[in-house]
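Report on the following structure.
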Amino acid sequence: MFAYCSDPQVLDGLAWLSCYLTTGKHMAIYWAVGTVLLLLAITGPAALLFGFGGAVAARSPVAPLSWLGRGYIAIVRGVPDIAFFLFFVIALDQGLEYLRHLALCPDWDQPVRQGSDFLVCPQAKLPLSSAPQWQHEVYGFALAVLTFAIVFGAFAANVLHGAMRAVPRAQIETAEAYGMTPRQTFRRIVVPQMWIYALPGLGNLWMVLVKATPLLFLLGVEDIVYWARELGGTKTPQFTDYPHGDWRMWYFLALLVFYLGLTRVSEIGLERLMIRLSRGQATLGGAAQGGVR
Amino acid sequence: MDTSPVIEIRDLHKSYGQLEVLKGVDIAAPRGHVVSLIGSSGSGKSTLLRCANLLEDSQQGEILFKGEPVAWRGTGAGRHPADRAQVVRIRTQLSMVFQQFNLWAHMTILQNVMEAPVTVLGRDRAEVEDRARGYLDRVGIGDKADAWPAQLSGGQQQRAAIARALCMEPAALLFDEPTSALDPELEQEVVRVIKSLADEGRTMILVTHDMKMARDCSDHVVFLHQGRIEEEGPPGALFGAPRSERLRGFLSSTLAHDPAHAAT
Amino acid sequence: MDTSPVIEIRDLHKSYGQLEVLKGVDIAAPRGHVVSLIGSSGSGKSTLLRCANLLEDSQQGEILFKGEPVAWRGTGAGRHPADRAQVVRIRTQLSMVFQQFNLWAHMTILQNVMEAPVTVLGRDRAEVEDRARGYLDRVGIGDKADAWPAQLSGGQQQRAAIARALCMEPAALLFDEPTSALDPELEQEVVRVIKSLADEGRTMILVTHDMKMARDCSDHVVFLHQGRIEEEGPPGALFGAPRSERLRGFLSSTLAHDPAHAAT
Amino acid sequence: MSCWEIVADYAFRSLGYGERLLPRSDFTLCQQVVLIGSGMIWNVYFGAVALVAGFALATLVALGKAARSPWLRKPSEWFVFVFRGSPLFIQFFFAYFFFLSLKQSVPALDPLTSAPVGAALVLFLNTAGYSAEIFHGALRSVPRGEVEAAEAYGLTGWPRFRRIVWPTMLRLAWPAYTNEAIFLFHATTLVFLSGFPAAGQKGDALYYASYFADQTFNPFVPYPILALYFIALTLVIVAIFGAVNRSLNRHLPAARRPARPRFLPQIVR
Amino acid sequence: QDVIRMGTEGAYPPYNFIDDSGEVAGFERELGDELCARAGLTCEWVTTDWDSIIPNLVSGNYDTIIAGMSITDEREEVIDFTQDYYPPTESAYVAASEEVDVLSGVVSAQTATIQAGHVAESGAALLEFATPEETVAAVRDGEADAVFADYDYLLPLVEASGGELMFVGERVPLGGGVGMGLRESDAALRDQFDAAITSMKEDGTLNALLVEWFGEQVGTY
Ligand SMILES: Nc1ncnc2c1ncn2[C@@H]1O[C@H](COP(=O)(O)OP(=O)(O)OP(=O)(O)O)[C@@H](O)[C@H]1O
Ligand SMILES: Nc1ncnc2c1ncn2[C@@H]1O[C@H](COP(=O)(O)OP(=O)(O)OP(=O)(O)O)[C@@H](O)[C@H]1O
Ligand SMILES: [Mg+2]
Ligand SMILES: [Mg+2]
């Protein structure tokens, strides 16, 4: 990075550290921070969307839709995210490629499964094997986002489903009495009022999601924890210009600070939201803001 | 003037589990008429109103709105309205003031009043706002338009609930003890409102514990006792010469010890 | 008999943010007396009761219970009771019936009534249960002992709230419109209860919109108007010969059109 | 070898009973099902211990967070912040280091570095942090009228909390708390994945599942088995929590018209 | 096929690791680049988690595995290997003192590896850690008496420890040689790489590479 870094053996103290912390490998961990933040920024809303869809489906009066929603919640919520990531992503990837295969190569005569191999026609590969590396990475990232969203969507659906039921019945009845259709009642009364019941649960879910980002590595995305492990592990002089002992402690400490910071920011945001939502409500939280009886 | 009933209830039965609350009630409210429902606490008055606008399923009997009978599906405890569109259609023409007010907690008072006309009837927002403020002024809480329900006194909440019902400008209204939290002055104002609504041709069913109000407003008074109609008739006759023992007992407590006596 | 006030309020001021609700109110209720608080909706009656049992912090003025002044910490908007033990001590001798009842939703009616005597006063459970059932019978909902609050009619909930207050057998009671949801018959019963409580030497402050009730029960009537006491005195004088313009206007609506006239 | 023999050999392998060695070749479905199921014993153990103990601590911490005194509030806030704010495996990592150094000075604390004690302790603290926040949030949604009524009747402090606030808080918190319980059981798979060492090939369900995935190079058999086990476990949790939820909500009138089975939405009209 | 994607782990020096500049480096990097050059292929390097390295290959996410993977019968059933480019490997015990009895003490190994299986069978008390790093740390902390791992992985660590760690007990030959893994359906590609390996073996460049990365005592062809 810096000009004086060409021969690290002669450096010491801060100069050494400044070179050490700016190696290409360290750049990768800084990038990974961005990856994690980007993943969270996309997955959060996406999971909420899945959750909302799941909750709406689960409470639908149409039986098959309701089964679908309940099944989604029950099954996906039942599987530990790790186990899910260990086989689901590959399955998802194969599923997508298989669909493309059916669509793009109707004349393909060889079987798709040959022994343990999974072979689709070259045009159906996702992304195409000729695609540049960044496309592979974006695709992997997109699969990760989708998987996270599906998994956490199931939990969000459960929270939202509960919150919808926590809305006092009198409030809903009144809307019905005024001729609102179920949809209007849902949109105008249930949804605005459910947030106050849902937010603590959703906030927690968000925290769990943030803390699940280390699992990204299982999905083939190199996240900060992967790099922290890699960088912190003992380095012998043979393979690096910057040999050191087991420094995982320090890297993990840095991770701890990073995650605590992220948590703090999230908490402040959630707190603001909560204050906004409980404005004027006759609850202990609403009352804490004063002026409410 | 058309005098066929706007709201008609025939032989209505309603139970909560084992508890039979309504045991065959018939009521007919023609256009522009006010029918008052009196009776002791727990006699089923609120339940009757809630059945009338289909918030509760009843187990037996007919409900007709403007001559159109509600279509049912199933029987007994499994009886539900068959046609959701019909239910919505009836309800948009039938506003209710709840005994516990049930203001929507997440909306300001003004939003509460504007909500149904804008969302359900699809009226123009600005026009509805004018009208809503007018009704809020009329019930004397124009200055509370931007307060939350939880910040209002009991009487103010009740008045907001009344304004909300009025703003729908429905063909018929159901009032469940609309003056329970109001002082005599405001009560008189509500009586005036009800009378002017009747003059406009709106039909009302009014549950009240206030015999004076029942007497002042209604064209017809129904005395409900333990889920049955014990006695009914025009207010003059009913209050002047109650026939049944029960009604006489019920009214006696109103007539004794009246400040009116002391004042005169 | 000791006639020093059990509840005394001196120059009480209370604001919600910008809105000044109580602007210097003085009230004294001696032992065994019933003080009625009348006034239009939003005049600050509920707020006064809530200040009296320290549910709301007031910004200025004194509150004394049995001659003992509440100790304060801080001033103005930052004023709070200084001594929690004192607050608890006062409250266990001072029961309140809320305007919105505030029954504990997760307990049955009987549990609601038994809760405070057992948990706070540490009374014997079996003995309290007997007493609680007695009070429930007295207000006419003995058969609802095992129902949940959400299953009761408005009037039944109100009666449960009254039974809950009575079961504490406190030195003083605060009633916030205790008969708003009750029919005239039950109202008379509540009047009787209040009178017998007064005879037992209990002190009461009663907020009501029912002038007849105020007249029947009270030793002293206070007319609150916009956060100030506009007029006060014994019921006979106050209702018989109101001095202030406002009170006369307020009462006029009660006196006109009374079914009592029609009946006689 | 019949499946019954496999059950006899491996059903309690995760606890150290039965066959000393794991199967090395010719893996059968039965072996996978039995061994992964054997590992579930640990997942259930970790989850149950942490959940029960965590519930109590969470309640205290939630109360602490709501307390007026900064002496109670600040430590509670920090506790929740740290345990909710950092990934579980970092907690495992530091806890393991910490326990290692602890036992060097206090030999009696030797078991702390073993998973059954150390990991359970970390999971307990972790779930307490999350649950405390859920409870705290629910605390703020308790209807004010009921709390005021309690105050007015002299119910303060502990009795007020236990009799009035707590039941309502639980009712409001329950859906989110159910989620947390499920998360906790899922998190137990991290114990051997990145937390504590597994001694003598005694591990949890994921340990055996990844063992088989590694030996057979086929993730599509052991992980779905693991998933099915967890779905079953989750269904049990949901059933138990659902029963509690029903009793917490028993005072509320049931929804009037339960979603009636309707195959065709009323589009026509 | 225009681009061959080479899958590796990037965490197993000296076979493959991530160098200071964040690139895949090591013996297999140099070998792989040379093989591609000889076979006339364009190659691209991809890192992936060891646990899913074979499933990802058969599902087509990359085309070869070149990650220090020993040729075993079990693996042969699922994928194809080229001929070995590293002679059969040995595993070794490392301890903090000479006296340790590796057959009855506590021995650490990485979870679910051949080494872990060997320790379990040897009668020693096995202590499994998720990463190789932790297995060595356990010896330093006294949690384990010895660590059992690949000799080539341990050697640099022992050398860098300054006498704190030492080899003890017998070395154990485990696994066949190391080869490149390919899908069974990719026979043509395998033949190309096989030919390239043969040519490197023949002209001595492979031996030179082995010595460069593993030192003089390494087995050669
Ligand atoms: N939490 C609050 N925040 C702001 N304003 C409030 C709050 N509670 C009450 N107020 C206002 O204080 C005034 C007095 O309220 P209070 O409840 O004491 O009236 P009241 O005399 O009991 O009336 P009612 O007979 O209608 O019950 C009202 O104008 C009300 O809007
Ligand atoms: N959800 C319910 N479940 C069970 N019983 C109920 C329910 N709602 C009402 N009831 C019972 O039905 C009866 C009639 O109740 P309703 O509310 O109609 O009385 P009401 O005439 O309006 O009385 P009030 O004047 O006290 O409001 C009461 O005995 C009540 O306890
Ligand atoms: Mg009623
Ligand atoms: Mg009031």
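Naming scheme: A, B, ... for chains in displayed order of the structure tokens; residues 1 onward per chain; ligands 1 onward as shown.
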
Could you build a table of the residues in chain C lying no more than 7 Å from ligand 2, giving for each the nearest pair of atoms and their separation in Å rounded to one decimal place, using only C-alpha atoms and all ligand atoms, ordered by chain and ascending residue number, as a Markdown table?
```
| residue | atom | partner | partner_atom_place_in_ligand_line | distance |
| --- | --- | --- | --- | --- |
| C:Ala150 | CA | ligand 2 | 1 (N) | 6.3 |
| C:Gln151 | CA | ligand 2 | 2 (C) | 3.8 |
| C:Leu152 | CA | ligand 2 | 31 (O) | 3.9 |
| C:Ser153 | CA | ligand 2 | 17 (O) | 3.5 |
| C:Gly154 | CA | ligand 2 | 27 (O) | 3.9 |
| C:Gly155 | CA | ligand 2 | 26 (O) | 3.0 |
| C:Gln156 | CA | ligand 2 | 26 (O) | 5.1 |
| C:Ala181 | CA | ligand 2 | 25 (O) | 6.0 |
| C:Leu182 | CA | ligand 2 | 25 (O) | 6.1 |
| C:Asp183 | CA | ligand 2 | 25 (O) | 6.8 |
```

May I have all residues of range 110-225 of chain A that DSSP, computed from the backbone, assigns to alpha helix (DSSP H), given as JSON, numbers by chain? {"A": [133, 134, 135, 136, 137, 138, 139, 140, 141, 142, 143, 144, 145, 146, 147, 148, 149, 150, 151, 152, 153, 154, 155, 156, 157, 158, 159, 160, 161, 162, 163, 164, 165, 166, 169, 170, 171, 172, 173, 174, 175, 176, 177, 182, 183, 184, 185, 191, 192, 193, 194, 195, 196, 197, 198, 199, 200, 201, 202, 203, 204, 205, 206, 207, 208, 209, 210, 211, 212, 224, 225]}

Chain D contacts on chain A, only C-alpha atoms, 6 Å, as a list in words: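 Only these qualify: Pro61, Val62, Ala63, Gly78, Val79, Pro80, Ala83, Phe87, Val159, Gly162, Pro200, Gly201, Lys211, Leu256, Tyr259, Leu260, Thr263, Ala282, Thr283, Leu284 and Gly285 of chain A.
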
Considering only strand (DSSP E) as DSSP defines it on the backbone, what residues of range 52-133 of chain A qualify? List them as a list in words. Arg113, Gln114, Asp117 and Phe118 of chain A

Would you mind telling me which residue in B:Ile90, B:Val139, B:Ala29, B:Leu49 lies nearest to ligand 3 when using only C-alpha atoms and all ligand atoms?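 Nearest candidate to ligand 3 out of B:Ile90, B:Val139, B:Ala29, B:Leu49: B:Leu49.
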
Give me, as a tab-separated table, the closest atom pair and its distance (Å, one decimal) for every residue of chain C within a cut-off of 12 Å of chain A, counting only C-alpha atoms, rows sorted by chain and rising number.
```
residue	atom	partner	partner_atom	distance
C:Lys14	CA	A:Gly291	CA	11.6
C:Ser15	CA	A:Gly291	CA	9.1
C:Tyr16	CA	A:Gly291	CA	5.6
C:Gly17	CA	A:Gly291	CA	6.5
C:Gln18	CA	A:Gly291	CA	9.9
C:Leu19	CA	A:Gly291	CA	9.9
C:Glu20	CA	A:Gly291	CA	11.9
C:Ser46	CA	A:Arg293	CA	10.8
C:Thr47	CA	A:Arg293	CA	9.6
C:Arg50	CA	A:Arg293	CA	9.9
C:Cys51	CA	A:Arg293	CA	11.8
C:Leu55	CA	A:Arg293	CA	9.4
C:Glu56	CA	A:Arg293	CA	8.6
C:Asp57	CA	A:Gly290	CA	11.1
C:Ala77	CA	A:Gly290	CA	10.8
C:Gly78	CA	A:Gly290	CA	11.8
C:Gln100	CA	A:Arg293	CA	11.7
C:Asn102	CA	A:Ala282	CA	12.0
C:Ala105	CA	A:Pro168	CA	11.9
C:Ala150	CA	A:Ala170	CA	10.3
```

Identify, on the basis of only C-alpha atoms, every residue whose closest approach to range 25-37 of chain E does not exceed 9 Å; exclude the query and any residue fewer than 5 positions from it along the same chain; express the result as a PyMOL selection string. (chain A and resi 239) or (chain E and resi 4+6+8+10+12-19+42-43+45+66-68+85+193+196-197+200+206+209-210+212-214)

Export, as a PDB file, in the first residue's frame, the selected residues with C-alpha atoms.
```pdb
ATOM      1  CA  PHE A 239       3.846 -17.758   3.532  1.00  0.00           C
TER       2      PHE A 239
ATOM      3  CA  ILE E   4     -12.050 -23.578 -16.389  1.00  0.00           C
ATOM      4  CA  MET E   6     -10.584 -24.098 -10.274  1.00  0.00           C
ATOM      5  CA  THR E   8      -9.791 -24.504  -3.804  1.00  0.00           C
ATOM      6  CA  GLY E  10      -7.476 -21.078   0.431  1.00  0.00           C
ATOM      7  CA  TYR E  12      -4.361 -24.946   3.866  1.00  0.00           C
ATOM      8  CA  PRO E  13      -0.821 -23.701   3.525  1.00  0.00           C
ATOM      9  CA  PRO E  14       1.418 -24.566   1.871  1.00  0.00           C
ATOM     10  CA  TYR E  15      -0.937 -26.275  -0.578  1.00  0.00           C
ATOM     11  CA  ASN E  16      -3.146 -23.297  -0.971  1.00  0.00           C
ATOM     12  CA  PHE E  17      -3.677 -20.138   1.046  1.00  0.00           C
ATOM     13  CA  ILE E  18      -4.495 -16.492   0.613  1.00  0.00           C
ATOM     14  CA  ASP E  19      -1.372 -14.386   0.359  1.00  0.00           C
ATOM     15  CA  THR E  42      -7.871 -20.344 -19.368  1.00  0.00           C
ATOM     16  CA  CYS E  43      -8.297 -20.851 -15.662  1.00  0.00           C
ATOM     17  CA  TRP E  45      -9.570 -19.466  -9.203  1.00  0.00           C
ATOM     18  CA  ILE E  66      -7.366 -28.553  -6.516  1.00  0.00           C
ATOM     19  CA  ALA E  67      -7.222 -28.266  -2.779  1.00  0.00           C
ATOM     20  CA  GLY E  68      -4.774 -30.746  -1.298  1.00  0.00           C
ATOM     21  CA  TYR E  85       0.665 -34.721  -8.139  1.00  0.00           C
ATOM     22  CA  PHE E 193      -4.988 -32.446 -16.913  1.00  0.00           C
ATOM     23  CA  ALA E 196      -0.272 -32.106 -18.335  1.00  0.00           C
ATOM     24  CA  ILE E 197       0.677 -33.677 -15.005  1.00  0.00           C
ATOM     25  CA  MET E 200       5.374 -32.006 -15.662  1.00  0.00           C
ATOM     26  CA  LEU E 206       6.815 -30.920 -10.669  1.00  0.00           C
ATOM     27  CA  LEU E 209       7.877 -27.199  -7.398  1.00  0.00           C
ATOM     28  CA  LEU E 210       7.515 -29.783  -4.622  1.00  0.00           C
ATOM     29  CA  GLU E 212      10.340 -25.292  -3.486  1.00  0.00           C
ATOM     30  CA  TRP E 213       7.174 -25.498  -1.380  1.00  0.00           C
ATOM     31  CA  PHE E 214       7.710 -28.454   0.911  1.00  0.00           C
TER      32      PHE E 214
END
```

Shell around range 104-111 of chain E at 7 Å using only C-alpha atoms, local window under 6 positions removed, as an MDAnalysis selection string: chainID E and resid 123:132 135 144:149

May I have the residues from that selection written out with all heavy atoms, as a JSON list (two decimals), in the first residue's frame?
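Output (out_14.json):
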```
[["chain", "number", "residue", "atom", "x", "y", "z"],
["E", 123, "GLY", "N", -7.36, -45.28, 20.14],
["E", 123, "GLY", "CA", -7.55, -45.51, 21.57],
["E", 123, "GLY", "C", -7.30, -44.27, 22.40],
["E", 123, "GLY", "O", -7.66, -44.21, 23.56],
["E", 124, "ALA", "N", -6.68, -43.26, 21.80],
["E", 124, "ALA", "CA", -6.47, -42.02, 22.54],
["E", 124, "ALA", "C", -7.81, -41.30, 22.70],
["E", 124, "ALA", "O", -8.75, -41.57, 21.98],
["E", 124, "ALA", "CB", -5.49, -41.12, 21.79],
["E", 125, "ALA", "N", -7.85, -40.39, 23.68],
["E", 125, "ALA", "CA", -9.07, -39.59, 23.86],
["E", 125, "ALA", "C", -9.07, -38.47, 22.83],
["E", 125, "ALA", "O", -8.20, -37.61, 22.84],
["E", 125, "ALA", "CB", -9.13, -39.02, 25.27],
["E", 126, "LEU", "N", -10.06, -38.51, 21.95],
["E", 126, "LEU", "CA", -10.09, -37.55, 20.84],
["E", 126, "LEU", "C", -10.80, -36.26, 21.28],
["E", 126, "LEU", "O", -11.84, -36.29, 21.93],
["E", 126, "LEU", "CB", -10.84, -38.18, 19.66],
["E", 126, "LEU", "CG", -11.18, -37.25, 18.50],
["E", 126, "LEU", "CD1", -9.92, -36.72, 17.84],
["E", 126, "LEU", "CD2", -12.05, -38.00, 17.48],
["E", 127, "LEU", "N", -10.18, -35.15, 20.91],
["E", 127, "LEU", "CA", -10.80, -33.85, 21.18],
["E", 127, "LEU", "C", -10.85, -33.11, 19.85],
["E", 127, "LEU", "O", -9.82, -32.79, 19.27],
["E", 127, "LEU", "CB", -9.95, -33.08, 22.19],
["E", 127, "LEU", "CG", -10.61, -31.92, 22.93],
["E", 127, "LEU", "CD1", -11.83, -32.39, 23.70],
["E", 127, "LEU", "CD2", -9.61, -31.26, 23.87],
["E", 128, "GLU", "N", -12.07, -32.89, 19.33],
["E", 128, "GLU", "CA", -12.18, -32.33, 17.98],
["E", 128, "GLU", "C", -12.48, -30.85, 18.00],
["E", 128, "GLU", "O", -13.36, -30.38, 18.73],
["E", 128, "GLU", "CB", -13.31, -33.04, 17.23],
["E", 128, "GLU", "CG", -12.91, -34.41, 16.75],
["E", 128, "GLU", "CD", -14.10, -35.13, 16.18],
["E", 128, "GLU", "OE1", -15.00, -35.49, 16.96],
["E", 128, "GLU", "OE2", -14.15, -35.32, 14.96],
["E", 129, "PHE", "N", -11.75, -30.09, 17.20],
["E", 129, "PHE", "CA", -12.00, -28.66, 17.05],
["E", 129, "PHE", "C", -12.40, -28.36, 15.62],
["E", 129, "PHE", "O", -12.07, -29.11, 14.70],
["E", 129, "PHE", "CB", -10.74, -27.86, 17.41],
["E", 129, "PHE", "CG", -10.43, -27.89, 18.87],
["E", 129, "PHE", "CD1", -9.67, -28.93, 19.41],
["E", 129, "PHE", "CD2", -10.88, -26.89, 19.71],
["E", 129, "PHE", "CE1", -9.38, -28.95, 20.76],
["E", 129, "PHE", "CE2", -10.59, -26.90, 21.06],
["E", 129, "PHE", "CZ", -9.83, -27.94, 21.58],
["E", 130, "ALA", "N", -13.09, -27.22, 15.46],
["E", 130, "ALA", "CA", -13.64, -26.90, 14.15],
["E", 130, "ALA", "C", -12.55, -26.53, 13.16],
["E", 130, "ALA", "O", -12.66, -26.82, 11.97],
["E", 130, "ALA", "CB", -14.65, -25.77, 14.28],
["E", 131, "THR", "N", -11.48, -25.86, 13.61],
["E", 131, "THR", "CA", -10.45, -25.41, 12.68],
["E", 131, "THR", "C", -9.10, -26.00, 13.08],
["E", 131, "THR", "O", -8.88, -26.28, 14.26],
["E", 131, "THR", "CB", -10.33, -23.88, 12.68],
["E", 131, "THR", "OG1", -9.99, -23.45, 14.00],
["E", 131, "THR", "CG2", -11.62, -23.23, 12.27],
["E", 132, "PRO", "N", -8.18, -26.16, 12.12],
["E", 132, "PRO", "CA", -6.84, -26.69, 12.46],
["E", 132, "PRO", "C", -6.13, -25.76, 13.44],
["E", 132, "PRO", "O", -5.42, -26.22, 14.33],
["E", 132, "PRO", "CB", -6.13, -26.74, 11.11],
["E", 132, "PRO", "CG", -7.01, -26.13, 10.10],
["E", 132, "PRO", "CD", -8.37, -25.97, 10.68],
["E", 135, "THR", "N", -6.84, -26.69, 16.90],
["E", 135, "THR", "CA", -6.27, -27.97, 17.37],
["E", 135, "THR", "C", -4.87, -27.75, 17.92],
["E", 135, "THR", "O", -4.49, -28.34, 18.92],
["E", 135, "THR", "CB", -6.22, -29.01, 16.24],
["E", 135, "THR", "OG1", -5.37, -28.51, 15.20],
["E", 135, "THR", "CG2", -7.58, -29.31, 15.67],
["E", 144, "ALA", "N", -5.09, -30.27, 25.26],
["E", 144, "ALA", "CA", -4.79, -31.57, 24.65],
["E", 144, "ALA", "C", -3.31, -31.85, 24.86],
["E", 144, "ALA", "O", -2.50, -30.93, 24.96],
["E", 144, "ALA", "CB", -5.14, -31.56, 23.16],
["E", 145, "ASP", "N", -2.95, -33.16, 24.92],
["E", 145, "ASP", "CA", -1.55, -33.51, 25.07],
["E", 145, "ASP", "C", -0.81, -33.39, 23.75],
["E", 145, "ASP", "O", 0.35, -33.02, 23.71],
["E", 145, "ASP", "CB", -1.42, -34.94, 25.60],
["E", 145, "ASP", "CG", -2.09, -35.09, 26.95],
["E", 145, "ASP", "OD1", -1.95, -34.14, 27.77],
["E", 145, "ASP", "OD2", -2.76, -36.10, 27.18],
["E", 146, "ALA", "N", -1.52, -33.71, 22.66],
["E", 146, "ALA", "CA", -0.88, -33.67, 21.37],
["E", 146, "ALA", "C", -1.91, -33.34, 20.31],
["E", 146, "ALA", "O", -3.12, -33.48, 20.55],
["E", 146, "ALA", "CB", -0.22, -35.01, 21.04],
["E", 147, "VAL", "N", -1.41, -32.90, 19.16],
["E", 147, "VAL", "CA", -2.30, -32.68, 18.03],
["E", 147, "VAL", "C", -1.89, -33.64, 16.93],
["E", 147, "VAL", "O", -0.71, -33.92, 16.75],
["E", 147, "VAL", "CB", -2.25, -31.22, 17.56],
["E", 147, "VAL", "CG1", -0.83, -30.73, 17.41],
["E", 147, "VAL", "CG2", -3.01, -31.05, 16.24],
["E", 148, "PHE", "N", -2.87, -34.17, 16.22],
["E", 148, "PHE", "CA", -2.57, -35.08, 15.13],
["E", 148, "PHE", "C", -3.09, -34.43, 13.85],
["E", 148, "PHE", "O", -4.28, -34.14, 13.73],
["E", 148, "PHE", "CB", -3.26, -36.42, 15.38],
["E", 148, "PHE", "CG", -2.91, -37.47, 14.35],
["E", 148, "PHE", "CD1", -1.59, -37.83, 14.13],
["E", 148, "PHE", "CD2", -3.91, -38.10, 13.63],
["E", 148, "PHE", "CE1", -1.28, -38.80, 13.19],
["E", 148, "PHE", "CE2", -3.60, -39.08, 12.69],
["E", 148, "PHE", "CZ", -2.28, -39.44, 12.48],
["E", 149, "ALA", "N", -2.17, -34.13, 12.92],
["E", 149, "ALA", "CA", -2.58, -33.45, 11.70],
["E", 149, "ALA", "C", -1.61, -33.78, 10.59],
["E", 149, "ALA", "O", -0.63, -34.49, 10.80],
["E", 149, "ALA", "CB", -2.64, -31.94, 11.93]]
```

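For the pair CA of Ala115 in chain D and CA of Val191 in chain D, the separation is 7.2 Å.
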
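For the set B:Thr75, B:Thr179, B:Gln60, B:Gln111, the residue with the smallest atom-to-atom gap to ligand 1 is B:Thr179, counting only C-alpha atoms and all ligand atoms.
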
May I have the residues of chain D within 8 Å of chain E, counting only C-alpha atoms, written as a list in words? Leu21, Leu100, Phe192, Leu193, Ser194, Gly195, Phe196, Pro197, Ala198, Ala199, Gly200, Gln201, Ser210, Tyr211, Ala213, Asp214, Gln215, Thr216, Phe217, Asn218 and Pro219 of chain D

Write out, as a PDB file, in the first residue's frame, the residues just selected, with C-alpha atoms.
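Generated file (out-v3.pdb):
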```
ATOM      1  CA  LEU D  21     -16.259 -45.965  16.893  1.00  0.00           C
ATOM      2  CA  LEU D 100      -9.516 -21.527  29.906  1.00  0.00           C
ATOM      3  CA  PHE D 192     -19.621 -27.827  18.200  1.00  0.00           C
ATOM      4  CA  LEU D 193     -19.520 -26.045  14.873  1.00  0.00           C
ATOM      5  CA  SER D 194     -17.545 -23.099  16.135  1.00  0.00           C
ATOM      6  CA  GLY D 195     -17.660 -23.108  19.881  1.00  0.00           C
ATOM      7  CA  PHE D 196     -16.462 -25.882  22.071  1.00  0.00           C
ATOM      8  CA  PRO D 197     -14.430 -28.998  21.214  1.00  0.00           C
ATOM      9  CA  ALA D 198     -16.198 -32.313  20.873  1.00  0.00           C
ATOM     10  CA  ALA D 199     -14.605 -34.989  23.026  1.00  0.00           C
ATOM     11  CA  GLY D 200     -14.569 -38.618  21.942  1.00  0.00           C
ATOM     12  CA  GLN D 201     -16.800 -37.952  18.920  1.00  0.00           C
ATOM     13  CA  SER D 210     -21.646 -32.998   8.837  1.00  0.00           C
ATOM     14  CA  TYR D 211     -19.684 -36.123   9.646  1.00  0.00           C
ATOM     15  CA  ALA D 213     -21.935 -35.248   4.677  1.00  0.00           C
ATOM     16  CA  ASP D 214     -18.180 -35.307   4.825  1.00  0.00           C
ATOM     17  CA  GLN D 215     -17.861 -39.050   4.496  1.00  0.00           C
ATOM     18  CA  THR D 216     -20.444 -39.482   1.758  1.00  0.00           C
ATOM     19  CA  PHE D 217     -19.890 -36.172  -0.042  1.00  0.00           C
ATOM     20  CA  ASN D 218     -23.616 -35.915  -0.347  1.00  0.00           C
ATOM     21  CA  PRO D 219     -25.218 -33.115   1.639  1.00  0.00           C
TER      22      PRO D 219
END
```

I need the chain C residues near chain D as a PyMOL selection string; criterion: at most 7 Å, counting only C-alpha atoms. chain C and resi 53+55+88+91-92+95-96+102-106+116+119-120+148+150

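Going from CA of Ala91 in chain A to CA of Thr48 in chain E covers 16.6 Å.
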
Which polymer residues have any atom within 10 Å of an atom of Pro69 in chain C, counting only C-alpha atoms, with same-chain residues fewer than 2 positions away left out, as a ChimeraX atom specification? /C:7-9,62-67,71-72,86
